[in-house]
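Colleague: Enclosed is the structure file protein-v4.tsv (TSV, C-alpha atoms and all ligand atoms).
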```tsv
chain	number	residue	atom	x	y	z
A	1	MET	CA	150.32	28.55	219.28
A	2	THR	CA	146.99	28.08	217.51
A	3	ARG	CA	147.39	27.18	213.84
A	4	GLN	CA	144.19	28.76	212.61
A	5	LYS	CA	144.38	28.13	208.85
A	6	ILE	CA	144.83	24.47	208.00
A	7	LEU	CA	145.28	22.95	204.53
A	8	ILE	CA	144.57	19.20	204.20
A	9	THR	CA	145.19	17.17	201.04
A	10	GLY	CA	143.13	14.04	200.48
A	11	ALA	CA	140.29	15.57	202.48
A	12	SER	CA	137.43	13.91	200.56
A	13	SER	CA	137.30	10.74	202.70
A	14	GLY	CA	138.79	8.77	205.57
A	15	LEU	CA	141.38	10.39	207.80
A	16	GLY	CA	141.51	13.66	205.82
A	17	ALA	CA	137.74	14.20	206.08
A	18	GLY	CA	137.86	13.12	209.74
A	19	MET	CA	140.61	15.65	210.53
A	20	ALA	CA	138.64	18.37	208.69
A	21	ARG	CA	135.58	17.65	210.89
A	22	ALA	CA	137.70	17.63	214.07
A	23	PHE	CA	139.53	20.90	213.29
A	24	ALA	CA	136.26	22.58	212.22
A	25	ALA	CA	134.83	21.67	215.64
A	26	GLN	CA	137.79	23.57	217.15
A	27	GLY	CA	136.90	26.68	215.12
A	28	ARG	CA	139.75	26.42	212.62
A	29	ASP	CA	139.62	27.67	209.01
A	30	LEU	CA	140.03	24.92	206.46
A	31	ALA	CA	141.49	24.57	202.96
A	32	LEU	CA	140.47	21.15	201.66
A	33	CYS	CA	141.55	19.50	198.44
A	34	ALA	CA	141.17	16.17	196.63
A	35	ARG	CA	140.14	14.91	193.20
A	36	ARG	CA	136.49	14.18	194.13
A	37	VAL	CA	135.36	17.75	194.49
A	38	GLU	CA	131.71	16.72	194.93
A	39	ARG	CA	132.74	14.91	198.13
A	40	LEU	CA	134.47	18.09	199.31
A	41	GLU	CA	131.29	20.07	198.58
A	42	GLU	CA	129.28	17.61	200.69
A	43	LEU	CA	131.83	17.81	203.51
A	44	LYS	CA	131.83	21.62	203.37
A	45	ALA	CA	128.02	21.66	203.57
A	46	GLU	CA	128.10	19.25	206.53
A	47	ILE	CA	130.70	21.38	208.37
A	48	LEU	CA	128.83	24.65	207.70
A	49	ASP	CA	125.61	23.05	208.90
A	50	LYS	CA	127.24	22.28	212.26
A	51	HIS	CA	129.48	25.34	212.46
A	52	PRO	CA	127.81	28.15	210.47
A	53	TYR	CA	130.70	30.59	211.04
A	54	ALA	CA	133.40	28.19	209.82
A	55	LYS	CA	135.54	29.22	206.87
A	56	VAL	CA	135.98	26.33	204.43
A	57	ALA	CA	137.77	26.72	201.08
A	58	ILE	CA	137.75	23.73	198.73
A	59	ALA	CA	139.61	22.94	195.52
A	60	ALA	CA	139.97	20.08	193.08
A	61	LEU	CA	143.54	18.77	193.17
A	62	ASP	CA	145.14	15.65	191.76
A	63	VAL	CA	148.45	15.57	193.66
A	64	ASP	CA	149.98	13.56	190.82
A	65	ASP	CA	149.63	16.71	188.69
A	66	HIS	CA	152.75	18.22	190.20
A	67	GLU	CA	152.42	21.59	188.48
A	68	ALA	CA	148.94	22.01	189.96
A	69	ILE	CA	150.11	21.66	193.57
A	70	PRO	CA	151.70	25.14	193.98
A	71	ARG	CA	148.88	26.76	192.01
A	72	VAL	CA	146.14	25.18	194.14
A	73	PHE	CA	147.97	25.67	197.46
A	74	ASN	CA	148.49	29.37	196.60
A	75	GLU	CA	144.86	29.83	195.52
A	76	LEU	CA	143.62	28.27	198.76
A	77	SER	CA	146.06	30.41	200.75
A	78	GLU	CA	144.76	33.56	199.04
A	79	GLU	CA	141.18	32.54	199.79
A	80	LEU	CA	141.88	32.05	203.52
A	81	GLY	CA	144.43	34.87	203.87
A	82	GLY	CA	147.41	32.54	204.49
A	83	ILE	CA	148.02	28.96	205.62
A	84	ASP	CA	149.52	28.12	209.04
A	85	ARG	CA	149.54	24.32	208.79
A	86	VAL	CA	149.73	21.93	205.81
A	87	ILE	CA	148.78	18.27	206.31
A	88	VAL	CA	150.22	16.07	203.56
A	89	ASN	CA	147.64	13.30	203.75
A	90	ALA	CA	146.58	12.25	200.22
A	91	GLY	CA	147.54	8.65	199.63
A	92	ILE	CA	146.61	5.36	198.01
A	93	GLY	CA	147.09	1.72	198.92
A	94	LYS	CA	147.32	0.05	195.50
A	95	GLY	CA	149.86	-2.73	195.19
A	96	TRP	CA	150.74	-6.18	193.93
A	97	PRO	CA	153.48	-8.66	194.91
A	98	LEU	CA	156.69	-7.47	193.27
A	99	GLY	CA	157.66	-9.36	190.14
A	100	GLN	CA	154.16	-10.71	189.56
A	101	GLY	CA	153.10	-8.63	186.60
A	102	LYS	CA	151.46	-5.45	187.92
A	103	PRO	CA	154.30	-2.93	188.27
A	104	TRP	CA	151.87	-0.09	187.42
A	105	ALA	CA	150.05	-0.60	190.75
A	106	ASN	CA	153.28	-0.38	192.76
A	107	LYS	CA	154.53	2.59	190.71
A	108	ALA	CA	151.23	4.41	191.30
A	109	THR	CA	151.56	4.00	195.06
A	110	ILE	CA	155.19	5.16	195.22
A	111	ASN	CA	154.31	8.07	192.93
A	112	THR	CA	151.26	9.34	194.83
A	113	ASN	CA	152.44	8.66	198.37
A	114	LEU	CA	156.11	9.58	198.06
A	115	ILE	CA	156.89	11.62	194.92
A	116	SER	CA	153.67	13.65	195.03
A	117	GLY	CA	154.07	13.86	198.80
A	118	MET	CA	157.52	15.36	198.29
A	119	VAL	CA	156.15	17.96	195.84
A	120	GLN	CA	153.53	18.92	198.45
A	121	ILE	CA	156.36	19.23	201.01
A	122	GLU	CA	158.41	21.47	198.67
A	123	THR	CA	155.38	23.68	198.04
A	124	ALA	CA	154.40	23.95	201.71
A	125	LEU	CA	157.95	24.78	202.79
A	126	GLU	CA	158.21	27.54	200.16
A	127	MET	CA	154.94	29.01	201.44
A	128	PHE	CA	156.16	28.83	205.04
A	129	HIS	CA	159.53	30.41	204.17
A	130	LYS	CA	157.70	33.37	202.66
A	131	ALA	CA	155.37	33.59	205.67
A	132	GLY	CA	158.23	33.26	208.22
A	133	GLY	CA	156.94	29.96	209.69
A	134	GLY	CA	154.31	27.27	209.71
A	135	HIS	CA	153.58	23.67	210.70
A	136	LEU	CA	154.13	20.85	208.19
A	137	VAL	CA	152.47	17.52	209.02
A	138	LEU	CA	153.31	14.34	207.10
A	139	ILE	CA	150.88	11.43	207.30
A	140	SER	CA	153.10	8.35	207.11
A	141	SER	CA	152.19	4.93	208.58
A	142	VAL	CA	153.31	2.36	211.13
A	143	LEU	CA	154.10	0.27	208.02
A	144	GLY	CA	156.97	2.67	207.28
A	145	ASN	CA	158.82	0.81	210.06
A	146	THR	CA	158.83	-2.58	208.39
A	147	GLY	CA	158.39	-4.56	205.19
A	148	VAL	CA	155.63	-7.12	204.70
A	149	PRO	CA	155.18	-9.97	202.23
A	150	GLY	CA	152.60	-9.57	199.43
A	151	GLY	CA	150.97	-6.56	197.84
A	152	LYS	CA	151.92	-3.91	200.40
A	153	ALA	CA	155.67	-3.82	199.67
A	154	ALA	CA	155.46	-0.59	197.65
A	155	TYR	CA	153.13	0.95	200.20
A	156	CYS	CA	155.60	0.18	203.03
A	157	ALA	CA	158.44	1.64	200.94
A	158	SER	CA	156.44	4.79	200.19
A	159	LYS	CA	155.74	5.34	203.89
A	160	ALA	CA	159.34	4.54	204.92
A	161	GLY	CA	160.33	7.24	202.42
A	162	MET	CA	157.82	9.70	203.84
A	163	THR	CA	159.02	9.10	207.40
A	164	SER	CA	162.61	9.53	206.25
A	165	LEU	CA	161.82	12.86	204.54
A	166	GLY	CA	160.15	13.96	207.76
A	167	GLU	CA	163.15	12.96	209.87
A	168	SER	CA	165.49	14.91	207.56
A	169	LEU	CA	163.24	17.95	207.84
A	170	ARG	CA	163.07	17.64	211.63
A	171	ALA	CA	166.86	17.85	211.65
A	172	GLU	CA	166.84	20.73	209.13
A	173	TYR	CA	164.31	22.81	211.10
A	174	ASP	CA	165.45	21.83	214.58
A	175	LYS	CA	165.55	25.49	215.59
A	176	GLY	CA	162.45	26.54	213.62
A	177	PRO	CA	160.86	28.64	212.33
A	178	ILE	CA	159.05	25.76	210.60
A	179	ARG	CA	157.74	22.88	212.76
A	180	ILE	CA	157.64	19.35	211.37
A	181	THR	CA	155.42	16.49	212.57
A	182	VAL	CA	155.48	12.92	211.25
A	183	ILE	CA	152.29	11.01	212.08
A	184	GLU	CA	152.41	7.20	211.89
A	185	PRO	CA	148.84	5.89	212.11
A	186	GLY	CA	148.04	2.28	212.95
A	187	TYR	CA	144.94	0.79	211.30
A	188	ILE	CA	142.03	3.24	211.28
A	189	GLU	CA	138.69	2.86	209.46
A	190	SER	CA	138.68	4.65	206.09
A	191	GLU	CA	137.96	3.89	202.43
A	192	MET	CA	141.52	2.58	202.12
A	193	THR	CA	141.28	0.15	205.03
A	194	ALA	CA	137.80	-0.96	203.89
A	195	LYS	CA	139.52	-2.37	200.78
A	196	SER	CA	142.27	-4.08	202.79
A	197	ALA	CA	142.20	-7.62	204.19
A	198	THR	CA	143.86	-6.44	207.41
A	199	THR	CA	141.60	-5.58	210.32
A	200	LEU	CA	144.36	-6.01	212.88
A	201	LEU	CA	143.60	-3.81	215.91
A	202	MET	CA	141.54	-1.49	213.69
A	203	VAL	CA	139.93	1.48	215.44
A	204	ASP	CA	136.97	3.50	214.20
A	205	ASN	CA	137.57	6.69	212.26
A	206	GLU	CA	136.63	9.05	215.11
A	207	THR	CA	138.91	7.33	217.65
A	208	GLY	CA	141.84	7.26	215.23
A	209	VAL	CA	141.36	10.84	214.10
A	210	ARG	CA	141.09	12.05	217.72
A	211	ALA	CA	144.53	10.57	218.43
A	212	MET	CA	145.96	12.08	215.22
A	213	VAL	CA	144.60	15.56	215.94
A	214	ALA	CA	145.85	15.47	219.55
A	215	ALA	CA	149.39	14.63	218.36
A	216	ILE	CA	149.25	17.25	215.60
A	217	GLU	CA	148.06	19.94	218.03
A	218	LYS	CA	150.96	19.11	220.39
A	219	GLU	CA	153.24	19.54	217.35
A	220	LYS	CA	155.11	16.37	218.29
A	221	GLY	CA	158.13	15.61	216.11
A	222	ARG	CA	156.99	12.06	215.46
A	223	ALA	CA	153.94	10.25	216.79
A	224	VAL	CA	152.52	6.74	216.43
A	225	VAL	CA	148.70	6.92	216.75
A	226	PRO	CA	146.72	5.60	218.53
A	227	SER	CA	149.72	5.20	220.82
A	228	TRP	CA	148.27	2.08	222.46
A	229	PRO	CA	148.95	-0.57	221.24
A	230	TRP	CA	150.83	0.83	218.23
A	231	ALA	CA	153.73	2.60	219.95
A	232	PRO	CA	155.12	-0.61	221.52
A	233	LEU	CA	154.10	-2.62	218.45
A	234	THR	CA	156.14	-0.40	216.12
A	235	GLN	CA	159.20	-1.00	218.29
A	236	ILE	CA	158.59	-4.74	217.85
A	237	MET	CA	157.95	-4.30	214.08
A	238	ARG	CA	161.40	-2.73	213.69
A	239	LEU	CA	163.08	-5.75	215.33
A	240	LEU	CA	160.89	-8.54	213.96
A	241	PRO	CA	162.64	-11.01	211.60
A	242	PRO	CA	161.00	-10.59	208.12
A	243	LYS	CA	159.29	-14.00	208.16
A	244	TYR	CA	157.14	-12.91	211.13
A	245	THR	CA	155.79	-9.69	209.55
A	246	LYS	CA	152.95	-11.40	207.64
A	247	ARG	CA	150.49	-10.50	210.40
A	248	PHE	CA	150.77	-6.82	209.45
A	249	ALA	CA	150.22	-7.35	205.69
B	1	LIG	N1	143.50	4.39	207.45
B	1	LIG	C1	144.62	3.88	207.94
B	1	LIG	O1	144.58	2.87	208.68
B	1	LIG	C2	145.94	4.49	207.60
B	1	LIG	C3	147.06	4.03	208.29
B	1	LIG	C4	148.29	4.59	208.02
B	1	LIG	C5	148.40	5.62	207.13
B	1	LIG	N2	147.29	6.06	206.44
B	1	LIG	C6	147.45	7.14	205.49
B	1	LIG	O2	146.47	8.12	205.71
B	1	LIG	C7	146.24	8.84	204.50
B	1	LIG	C8	144.74	8.91	204.25
B	1	LIG	O3	144.28	7.60	203.93
B	1	LIG	P1	142.84	7.05	204.37
B	1	LIG	O4	143.07	5.84	205.16
B	1	LIG	O5	142.02	8.14	204.93
B	1	LIG	O6	142.30	6.56	202.95
B	1	LIG	P2	141.10	7.07	202.03
B	1	LIG	O7	139.82	7.13	202.78
B	1	LIG	O8	141.16	6.23	200.81
B	1	LIG	O9	141.52	8.57	201.69
B	1	LIG	C9	142.55	8.86	200.79
B	1	LIG	C10	142.43	10.33	200.39
B	1	LIG	O10	143.53	10.62	199.51
B	1	LIG	C11	143.02	11.26	198.36
B	1	LIG	N3	143.83	10.97	197.19
B	1	LIG	C12	144.25	9.76	196.72
B	1	LIG	N4	144.92	9.92	195.57
B	1	LIG	C13	144.94	11.26	195.32
B	1	LIG	C14	145.46	12.07	194.27
B	1	LIG	N5	146.13	11.54	193.23
B	1	LIG	N6	145.29	13.40	194.33
B	1	LIG	C15	144.62	13.96	195.37
B	1	LIG	N7	144.08	13.28	196.38
B	1	LIG	C16	144.25	11.94	196.35
B	1	LIG	C17	141.59	10.73	198.21
B	1	LIG	O11	140.80	11.71	197.52
B	1	LIG	P3	140.27	11.61	196.00
B	1	LIG	O12	140.14	10.16	195.66
B	1	LIG	O13	138.96	12.35	196.06
B	1	LIG	O14	141.31	12.35	195.22
B	1	LIG	C18	141.14	10.62	199.65
B	1	LIG	O15	140.62	11.84	200.10
B	1	LIG	C19	147.03	8.10	203.42
B	1	LIG	O16	148.26	8.77	203.19
B	1	LIG	C20	147.26	6.75	204.04
B	1	LIG	O17	148.40	6.11	203.51
B	1	LIG	C21	146.08	5.51	206.67
```
So that I can check it, write out the structure of this file as structure tokens.
Modeller:
Amino acid sequence: MTRQKILITGASSGLGAGMARAFAAQGRDLALCARRVERLEELKAEILDKHPYAKVAIAALDVDDHEAIPRVFNELSEELGGIDRVIVNAGIGKGWPLGQGKPWANKATINTNLISGMVQIETALEMFHKAGGGHLVLISSVLGNTGVPGGKAAYCASKAGMTSLGESLRAEYDKGPIRITVIEPGYIESEMTAKSATTLLMVDNETGVRAMVAAIEKEKGRAVVPSWPWAPLTQIMRLLPPKYTKRFA
């Protein structure tokens, strides 16, 4: 089944913008949202330059404004005449070692990645119930499979939570009509990873996004991307004694 109308949150940079470019190249209609609307305007212009017949709707959305999520999703849906796939992608990587005086940074990450992610999930599922189906994609992380020492503890927890929500929904919608996909990216170039000290096995944005889009299109239940070397590595991450996880931090 071709999911023609695709909504992506956090589409102003990194993986979200990369997925928008990749789906536009496949002739899909796009609903793109983020806080930096000027970046969305630039992306829309770039996509229309390459694909003049593409349909691209954009909207300013701060996903931490939970009341705005259903309003903006519904406005974008009206503009495109429905939404077939929602990609819950908006996320941040703020954080500080727990107990060392910056709880606001850790709270912000849990709030945006998990609580605001859950509100996006609730909204998307309501839309899909009304429409009789749809494809919900959750962008989690390989770090949802482990904990790491230092400033990424809250980030790991937020992504473990996101994966867990996805696994519950996969059980809930086992027989459809809504399809659920949990994507667990390894390290892929983006604004977020540019700020991070970790360059472990980092791939460029295009390579990473290609793997993400391929897994999303197959509507896999759960996919680690790029699968090599991250699929075997995540198995190891799950078993690794905590003192050896520093390499992933
Ligand atoms: N890159 C990786 O290696 C990697 C690995 C695993 C998982 N991920 C996940 O992939 C997703 C995308 O991250 P990225 O790497 O592409 O980072 P990025 O380049 O920093 O992009 C993050 C996106 O999220 C949006 N965003 C952040 N806070 C938001 C808010 N409150 N409301 C609305 N939009 C918000 C940003 O848009 P505005 O600032 O314009 O709002 C931006 O478009 C995240 O969920 C991240 O955790 C990334």
Colleague: Find the residues near ligand LIG 1 (chain B). Use a cut-off of 8 Å, count only C-alpha atoms and all ligand atoms, and write them as a VMD selection string.
Modeller: chain A and resid 9 to 17 33 to 37 39 to 40 61 to 65 88 to 93 112 to 113 139 to 143 155 159 184 to 193 202 205
Colleague: Which distance in Å separates atom CA of A:Val56 and atom CA of A:Pro177, to one decimal?
Modeller: 26.2 Å
Colleague: Could you please determine the separation between atom CA of A:Lys107 and atom CA of A:Phe248 in Å, to one decimal place?
Modeller: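 Computing it gives 21.3 Å between the two atoms.
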Colleague: Using all atoms listed in the file, I'd like a table of the residues in stretch 119-152 of chain A that come within 12 Å of stretch 167-170 of chain A; for each, show the closest atom pair and its distance in Å rounded to one decimal, ordered by chain and ascending number, as CSV.
Modeller:
```
residue,atom,partner,partner_atom,distance
A:Ile121,CA,A:Leu169,CA,9.8
A:Glu122,CA,A:Leu169,CA,10.9
A:Leu125,CA,A:Leu169,CA,10.0
A:His135,CA,A:Arg170,CA,11.3
A:Leu136,CA,A:Leu169,CA,9.6
A:Val137,CA,A:Leu169,CA,10.8
A:Leu138,CA,A:Glu167,CA,10.3
A:Ser140,CA,A:Glu167,CA,11.4
```
Colleague: Any idea what's packed within 12 Å of A:Ala31, counting all atoms listed in the file, ignoring anything in its chain fewer than 5 positions away? Could you give it as a ChimeraX atom specification?
Modeller: /A:4-12,16-17,19-20,23-24,40-41,43-44,54-61,72-87
Colleague: Here is a test: counting only C-alpha atoms, which residue of A:Gln100, A:Lys218, A:Thr123, A:Met212 is nearest to A:Arg71?
Modeller: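 Smallest separation from A:Arg71 among the options: A:Thr123.
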Colleague: Return the single residue from A:Glu46, A:Ser116, A:Phe128, A:Ala160 that is closest to A:Gly176, with distances computed using only C-alpha atoms.
Modeller: A:Phe128
Colleague: Neighbouring residues of A:Ala157 were defined as those with any atom within 8 Å, considering all atoms listed in the file; residues of the same chain fewer than 6 positions away were excluded. Please report them as JSON, numbers by chain.
Modeller: {"A": [110, 144, 147]}
Colleague: Which residue is closest to A:Pro226? Choose from A:Pro97, A:Gly18, A:Gly151, A:Gly208 and count all atoms listed in the file.
Modeller: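 That would be A:Gly208, the residue with the smallest distance to A:Pro226.
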Colleague: When you draw a straight line from atom CA of A:Lys243 to atom CA of A:Gly166, how long is it in Å?
Modeller: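 It comes out at 28.0 Å.
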Colleague: List the spatial neighbours of A:Ala215 as a PDB file with C-alpha atoms, keeping the file's coordinate frame - criterion: any atom at most 8 Å away, all atoms listed in the file, same-chain residues fewer than 5 positions off excluded.
Modeller:
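Generated output (part.pdb):
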```
ATOM      1  CA  ILE A 183     152.290  11.010 212.080  1.00  0.00           C
ATOM      2  CA  LYS A 220     155.110  16.370 218.290  1.00  0.00           C
ATOM      3  CA  ALA A 223     153.940  10.250 216.790  1.00  0.00           C
ATOM      4  CA  VAL A 225     148.700   6.920 216.750  1.00  0.00           C
TER       5      VAL A 225
END
```
Colleague: Using all atoms listed in the file, which protein or nucleic acid residues come within 6 Å of stretch 229-242 of chain A? Drop anything in the same chain fewer than 2 positions from it, and give the result as a short mmCIF file (atom, residue, chain, number, x, y, z; two decimals) with C-alpha atoms, in the coordinates of the input.
Modeller:
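As written to disk, part_7.cif reads:
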```
data_model
loop_
_atom_site.label_atom_id
_atom_site.label_comp_id
_atom_site.auth_asym_id
_atom_site.auth_seq_id
_atom_site.Cartn_x
_atom_site.Cartn_y
_atom_site.Cartn_z
CA ASN A 145 158.82 0.81 210.06
CA THR A 146 158.83 -2.58 208.39
CA VAL A 224 152.52 6.74 216.43
CA SER A 227 149.72 5.20 220.82
CA TYR A 244 157.14 -12.91 211.13
CA THR A 245 155.79 -9.69 209.55
#
```
Colleague: Quick one: of A:Lys175, A:Lys152, A:Lys102, A:His66, who's nearest to A:Ser196, counting all atoms listed in the file?
Modeller: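 When distances to A:Ser196 are compared using all atoms listed in the file, the smallest one comes from A:Lys152.
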Colleague: Do you know which residues are at most 8 Å from A:Gly150 counting only C-alpha atoms, after dropping those on the same chain fewer than 4 positions away, and could you put them as a list in words?
Modeller: Trp96, Pro97, Leu98 and Ala249 of chain A
Colleague: Could you save the residues just selected, with C-alpha atoms, as a JSON list (two decimals), in the frame of the given file?
Modeller:
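Dumped to part-v4.json:
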```
[["chain", "number", "residue", "atom", "x", "y", "z"],
["A", 96, "TRP", "CA", 150.74, -6.18, 193.93],
["A", 97, "PRO", "CA", 153.48, -8.66, 194.91],
["A", 98, "LEU", "CA", 156.69, -7.47, 193.27],
["A", 249, "ALA", "CA", 150.22, -7.35, 205.69]]
```
Colleague: Should you be able to, write stretch 208-225 of chain A of this structure into a file that contains N, CA and C atoms, as an mmCIF file, in the first residue's frame.
Modeller:
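The new file part29.cif reads:
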```cif
data_model
loop_
_atom_site.group_PDB
_atom_site.id
_atom_site.type_symbol
_atom_site.label_atom_id
_atom_site.label_comp_id
_atom_site.auth_asym_id
_atom_site.auth_seq_id
_atom_site.Cartn_x
_atom_site.Cartn_y
_atom_site.Cartn_z
ATOM 1 N N GLY A 208 21.791 7.365 6.248
ATOM 2 C CA GLY A 208 20.925 7.017 7.375
ATOM 3 C C GLY A 208 19.457 7.120 7.009
ATOM 4 N N VAL A 209 19.109 8.224 6.336
ATOM 5 C CA VAL A 209 17.706 8.442 5.968
ATOM 6 C C VAL A 209 17.237 7.376 4.970
ATOM 7 N N ARG A 210 18.129 6.971 4.049
ATOM 8 C CA ARG A 210 17.745 5.932 3.074
ATOM 9 C C ARG A 210 17.326 4.657 3.815
ATOM 10 N N ALA A 211 18.110 4.300 4.830
ATOM 11 C CA ALA A 211 17.788 3.085 5.607
ATOM 12 C C ALA A 211 16.475 3.262 6.378
ATOM 13 N N MET A 212 16.263 4.473 6.917
ATOM 14 C CA MET A 212 15.019 4.726 7.659
ATOM 15 C C MET A 212 13.806 4.606 6.740
ATOM 16 N N VAL A 213 13.901 5.272 5.578
ATOM 17 C CA VAL A 213 12.759 5.293 4.651
ATOM 18 C C VAL A 213 12.458 3.887 4.127
ATOM 19 N N ALA A 214 13.514 3.101 3.873
ATOM 20 C CA ALA A 214 13.288 1.725 3.390
ATOM 21 C C ALA A 214 12.524 0.919 4.445
ATOM 22 N N ALA A 215 12.904 1.054 5.713
ATOM 23 C CA ALA A 215 12.220 0.305 6.786
ATOM 24 C C ALA A 215 10.789 0.809 6.972
ATOM 25 N N ILE A 216 10.606 2.117 6.863
ATOM 26 C CA ILE A 216 9.256 2.697 7.020
ATOM 27 C C ILE A 216 8.353 2.204 5.883
ATOM 28 N N GLU A 217 8.883 2.215 4.664
ATOM 29 C CA GLU A 217 8.077 1.790 3.514
ATOM 30 C C GLU A 217 7.669 0.318 3.623
ATOM 31 N N LYS A 218 8.559 -0.505 4.226
ATOM 32 C CA LYS A 218 8.221 -1.929 4.403
ATOM 33 C C LYS A 218 7.234 -2.101 5.555
ATOM 34 N N GLU A 219 6.994 -1.028 6.286
ATOM 35 C CA GLU A 219 6.081 -1.036 7.438
ATOM 36 C C GLU A 219 6.468 -2.133 8.430
ATOM 37 N N LYS A 220 7.793 -2.226 8.658
ATOM 38 C CA LYS A 220 8.296 -3.183 9.652
ATOM 39 C C LYS A 220 7.753 -2.804 11.023
ATOM 40 N N GLY A 221 7.577 -3.792 11.895
ATOM 41 C CA GLY A 221 7.109 -3.502 13.252
ATOM 42 C C GLY A 221 8.157 -2.728 14.035
ATOM 43 N N ARG A 222 9.412 -3.156 13.888
ATOM 44 C CA ARG A 222 10.500 -2.528 14.638
ATOM 45 C C ARG A 222 11.770 -2.696 13.813
ATOM 46 N N ALA A 223 12.506 -1.614 13.627
ATOM 47 C CA ALA A 223 13.703 -1.720 12.782
ATOM 48 C C ALA A 223 14.833 -0.870 13.325
ATOM 49 N N VAL A 224 16.009 -1.495 13.462
ATOM 50 C CA VAL A 224 17.239 -0.782 13.807
ATOM 51 C C VAL A 224 17.872 -0.374 12.479
ATOM 52 N N VAL A 225 18.221 0.927 12.351
ATOM 53 C CA VAL A 225 18.764 1.435 11.074
ATOM 54 C C VAL A 225 19.990 2.311 11.308
#
```
